[in-house]
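S.K.: Provided herewith is a single structure, encoded as structure tokens, for subsequent inquiry.
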Amino acid sequence: MLGLGLFLLFLAAALQPDWFTSYGLKDMARPWLKPSAEHLLGTNSLGYDIYTEIVYGTRDTLFIGVMSSVLTLLLGAAIGALSTRKGLLGGLFNGLINVFVLLPRLITLIVLSAFLGTSQWHLIFLIAAFSWVGTARNVRAQVIHLNSQPFVENCIIQGYSRFHIVLRHILPNLYEVLISRFLLGVNSCIMMESTLSFLGFGDLYHPTWGTMINFAYKRGAFMRQAYPYLLMPGVCIMGLSLSFYFISLYFEARREAIQN
């Protein structure tokens, strides 16, 4: 319930930012104002309200995290399932998993981001392209376990096609694993996006919380003692990550209860 409550709060801020702030993104005041009743977290170097920037940054942060996790889930589930096939195809995808396990993800993403650009969709595809390994390994282990179960052997003996077995018996038993991996994947993708944005590889036209921390650091927030500008985006990243983590704990506990 705590995780769901936090998530709904951030979702409301992403969908209806006007509910949380009376300022617009381009409303300007004096630069570097201290926190007050008019500006809860003060203003930045350009005079924009920091709290308003955080509220409007929720949409882009959540969008990148969720979309990256969706693509990660699809890639991981497909590659993990294909790696269980016998013969050349299974060996090829199993080898692909082993190669990507060894890649230094952050360094690879930094190098590719520098070459490919820093638009939202570039970040989404890059993060997903190097975050699917954990999902693939979990799906592979679960599919191998399911294939050894008596109900799958009975289906084979009765002459059911492989497509029927996968669609009607394998996929429904992967539901809990996929939900858990998706929720944890959102956490990982949000943290990876925030790291890249802080390092200067974020989309400047759609600033996320990580981009805000980068701006605060570069524009002298330390010197101005504008600590809310530095800390509050990080607190929001932590809160959003915790919301998905708490929800994933619920599904993990539910899966263990079903298995027991």
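Chain labels A, B, ... are given in the sequence in which chains occur in the structure tokens; within each chain residues are numbered consecutively from 1, and ligands are likewise numbered from 1 in the order shown.
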Please return, as an NGL selection string, all residues of range 110-171 of chain A that DSSP assigns to alpha helix (DSSP H) on the basis of the backbone.
M.R.: :A and (110-116 or 120-129 or 133-147 or 150-157 or 162-165)
S.K.: Can you pull out every residue within 10 Å of Leu74 in chain A, counting only C-alpha atoms, but drop anything in the same chain fewer than 3 positions away, and send it as a list in words?
M.R.: Ser69, Val70, Leu71, Ala77, Ala78, Ile79, Gly80, Ala128, Trp132, Thr135, Ala136, Leu178 and Phe182 of chain A
S.K.: Hey, can you spit out that residue selection with C-alpha atoms as a compact mmCIF listing (two decimals), in the first residue's frame?
M.R.:
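Output file out21.txt follows:
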# COMPACT_ATOMS: atom_id res chain seq x y z
CA SER A 69 11.63 -1.27 -18.57
CA VAL A 70 8.90 -2.38 -21.01
CA LEU A 71 11.46 -2.79 -23.81
CA ALA A 77 11.64 -12.52 -22.16
CA ALA A 78 12.15 -13.22 -25.88
CA ILE A 79 15.89 -13.90 -25.65
CA GLY A 80 15.54 -15.91 -22.42
CA ALA A 128 16.87 -1.26 -22.77
CA TRP A 132 17.71 -7.14 -20.46
CA THR A 135 15.34 -10.73 -17.15
CA ALA A 136 16.63 -13.16 -19.78
CA LEU A 178 7.74 -11.03 -15.49
CA PHE A 182 9.35 -5.33 -14.78
S.K.: If we count only C-alpha atoms and set the cut-off at 6 Å, which residues sit around range 237-250 of chain A, ignoring sequence neighbours fewer than 5 positions away in its own chain? Please answer as an MDAnalysis selection string.
M.R.: chainID A and resid 3 6:7 180 183 187
S.K.: Take the residues from that selection and put them in a file with all heavy atoms, as a tab-separated table (two decimals), in the first residue's frame.
M.R.:
chain	number	residue	atom	x	y	z
A	3	GLY	N	3.91	1.50	-1.31
A	3	GLY	CA	4.45	1.63	-2.66
A	3	GLY	C	3.42	2.13	-3.65
A	3	GLY	O	3.71	2.99	-4.49
A	6	LEU	N	2.78	5.90	-3.05
A	6	LEU	CA	3.84	6.74	-3.61
A	6	LEU	C	3.76	6.80	-5.12
A	6	LEU	O	3.90	7.88	-5.73
A	6	LEU	CB	5.21	6.18	-3.19
A	6	LEU	CG	5.70	6.46	-1.78
A	6	LEU	CD1	6.95	5.65	-1.47
A	6	LEU	CD2	5.97	7.94	-1.59
A	7	PHE	N	3.51	5.64	-5.75
A	7	PHE	CA	3.42	5.61	-7.20
A	7	PHE	C	2.26	6.48	-7.71
A	7	PHE	O	2.41	7.23	-8.68
A	7	PHE	CB	3.26	4.18	-7.69
A	7	PHE	CG	2.94	4.08	-9.16
A	7	PHE	CD1	3.90	4.39	-10.11
A	7	PHE	CD2	1.68	3.70	-9.59
A	7	PHE	CE1	3.61	4.33	-11.47
A	7	PHE	CE2	1.38	3.62	-10.93
A	7	PHE	CZ	2.35	3.94	-11.88
A	180	SER	N	7.56	-9.14	-11.55
A	180	SER	CA	8.63	-8.79	-10.62
A	180	SER	C	9.81	-8.16	-11.35
A	180	SER	O	10.37	-7.15	-10.92
A	180	SER	CB	9.08	-10.04	-9.85
A	180	SER	OG	10.15	-9.74	-8.99
A	183	LEU	N	8.97	-4.52	-12.50
A	183	LEU	CA	9.00	-3.51	-11.44
A	183	LEU	C	10.44	-3.20	-11.02
A	183	LEU	O	10.80	-2.03	-10.83
A	183	LEU	CB	8.19	-4.01	-10.24
A	183	LEU	CG	6.68	-4.14	-10.50
A	183	LEU	CD1	6.00	-4.85	-9.34
A	183	LEU	CD2	6.06	-2.76	-10.70
A	187	ASN	N	13.05	0.44	-11.62
A	187	ASN	CA	14.04	0.99	-10.69
A	187	ASN	C	15.40	1.16	-11.35
A	187	ASN	O	16.03	2.21	-11.29
A	187	ASN	CB	14.18	0.06	-9.48
A	187	ASN	CG	13.21	0.39	-8.38
A	187	ASN	OD1	12.46	1.34	-8.48
A	187	ASN	ND2	13.21	-0.40	-7.34
S.K.: Take CA of Phe20 in chain A and CA of Thr52 in chain A and report the distance between them in Å, one decimal.
M.R.: 8.2 Å
S.K.: Let me make sure I understand: among A:Leu184, A:Ala253, A:Leu146, A:Leu230, which one has the smallest atom-to-atom distance to His169 in chain A if we use only C-alpha atoms?
M.R.: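 Distance minimum relative to His169 in chain A lands on A:Leu146.
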S.K.: Considering only C-alpha atoms, can you say which of A:Gly134, A:Gly220, A:Gly57, A:Gly90 comes closest to Pro233 in chain A?
M.R.: A:Gly57
S.K.: Pick the closest to Phe198 in chain A from A:Pro228, A:Leu82, A:Leu102, A:Ile110: which is it, counting only C-alpha atoms?
M.R.: A:Ile110
S.K.: How many Å separate CA of Trp19 in chain A from CA of Leu33 in chain A?
M.R.: 23.1 Å
S.K.: Between CA of Val99 in chain A and CA of Arg140 in chain A, what distance in Å does the model show, to one decimal?
M.R.: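 CA of Arg140 in chain A lies at a distance of 15.4 Å from CA of Val99 in chain A.
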S.K.: Neighbouring residues of range 119-123 of chain A were defined as those with any atom within 7 Å, considering only C-alpha atoms; residues of the same chain fewer than 3 positions away were excluded. Please report them as a list in words.
M.R.: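 Selected residues are Leu126, Ile127 and Asp203 of chain A.
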S.K.: For the residues in that selection, give me N, CA and C atoms as a compact mmCIF listing (two decimals), in the first residue's frame.
M.R.:
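Now in again-v4.txt:
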# COMPACT_ATOMS: atom_id res chain seq x y z
N LEU A 126 18.83 2.72 -25.71
CA LEU A 126 20.15 2.33 -25.23
C LEU A 126 20.06 1.63 -23.87
N ILE A 127 19.27 2.20 -22.96
CA ILE A 127 19.13 1.58 -21.64
C ILE A 127 18.54 0.18 -21.76
N ASP A 203 18.40 14.45 -22.18
CA ASP A 203 17.73 15.29 -23.17
C ASP A 203 17.46 16.66 -22.55
S.K.: Restricting the calculation to only C-alpha atoms, which member of A:Leu174, A:Ile107, A:Met232, A:Ile165 is positioned closest to Met192 in chain A?
M.R.: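 Ranked by minimum distance to Met192 in chain A, first place goes to A:Ile107.
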S.K.: Within 9 Å of range 35-39 of chain A, which residues of range 43-66 of chain A show up? Give each one with its shortest atom-to-atom distance in Å (one decimal) and the two atoms involved, counting only C-alpha atoms, rows by chain then rising residue number, as a tab-separated table.
M.R.:
residue	atom	partner	partner_atom	distance
A:Thr43	CA	A:His39	CA	6.9
A:Asp49	CA	A:His39	CA	6.3
A:Ile50	CA	A:His39	CA	7.7
A:Tyr51	CA	A:His39	CA	7.3
A:Thr52	CA	A:His39	CA	8.9
S.K.: If you run DSSP on the backbone here, which positions in range 15-226 of chain A get strand (DSSP E or B)? Please write them as a ChimeraX atom specification.
M.R.: /A:28,43,48-49
S.K.: Generate the output file for the selected residues, all heavy atoms, as an mmCIF file, in the first residue's frame.
M.R.:
data_model
loop_
_atom_site.group_PDB
_atom_site.id
_atom_site.type_symbol
_atom_site.label_atom_id
_atom_site.label_comp_id
_atom_site.auth_asym_id
_atom_site.auth_seq_id
_atom_site.Cartn_x
_atom_site.Cartn_y
_atom_site.Cartn_z
ATOM 1 N N MET A 28 9.069 33.320 -14.434
ATOM 2 C CA MET A 28 10.375 33.699 -13.909
ATOM 3 C C MET A 28 10.236 34.665 -12.734
ATOM 4 O O MET A 28 9.304 35.453 -12.665
ATOM 5 C CB MET A 28 11.239 34.325 -15.005
ATOM 6 C CG MET A 28 11.515 33.410 -16.193
ATOM 7 S SD MET A 28 12.568 34.179 -17.445
ATOM 8 C CE MET A 28 14.106 34.327 -16.558
ATOM 9 N N THR A 43 14.395 29.488 -6.158
ATOM 10 C CA THR A 43 14.499 29.581 -7.621
ATOM 11 C C THR A 43 15.922 29.246 -8.047
ATOM 12 O O THR A 43 16.863 29.311 -7.247
ATOM 13 C CB THR A 43 14.130 30.989 -8.118
ATOM 14 O OG1 THR A 43 15.006 31.961 -7.517
ATOM 15 C CG2 THR A 43 12.686 31.330 -7.765
ATOM 16 N N TYR A 48 13.683 30.372 -12.422
ATOM 17 C CA TYR A 48 12.557 29.439 -12.484
ATOM 18 C C TYR A 48 12.345 28.782 -11.119
ATOM 19 O O TYR A 48 13.307 28.517 -10.385
ATOM 20 C CB TYR A 48 12.802 28.356 -13.532
ATOM 21 C CG TYR A 48 12.900 28.878 -14.946
ATOM 22 C CD1 TYR A 48 13.857 28.375 -15.831
ATOM 23 C CD2 TYR A 48 12.040 29.871 -15.407
ATOM 24 C CE1 TYR A 48 13.951 28.852 -17.132
ATOM 25 C CE2 TYR A 48 12.132 30.351 -16.702
ATOM 26 C CZ TYR A 48 13.093 29.847 -17.554
ATOM 27 O OH TYR A 48 13.185 30.311 -18.838
ATOM 28 N N ASP A 49 11.089 28.521 -10.802
ATOM 29 C CA ASP A 49 10.744 27.894 -9.537
ATOM 30 C C ASP A 49 11.225 26.440 -9.525
ATOM 31 O O ASP A 49 10.856 25.642 -10.400
ATOM 32 C CB ASP A 49 9.227 27.953 -9.330
ATOM 33 C CG ASP A 49 8.815 27.405 -7.987
ATOM 34 O OD1 ASP A 49 9.093 28.039 -6.972
ATOM 35 O OD2 ASP A 49 8.202 26.310 -7.963
#
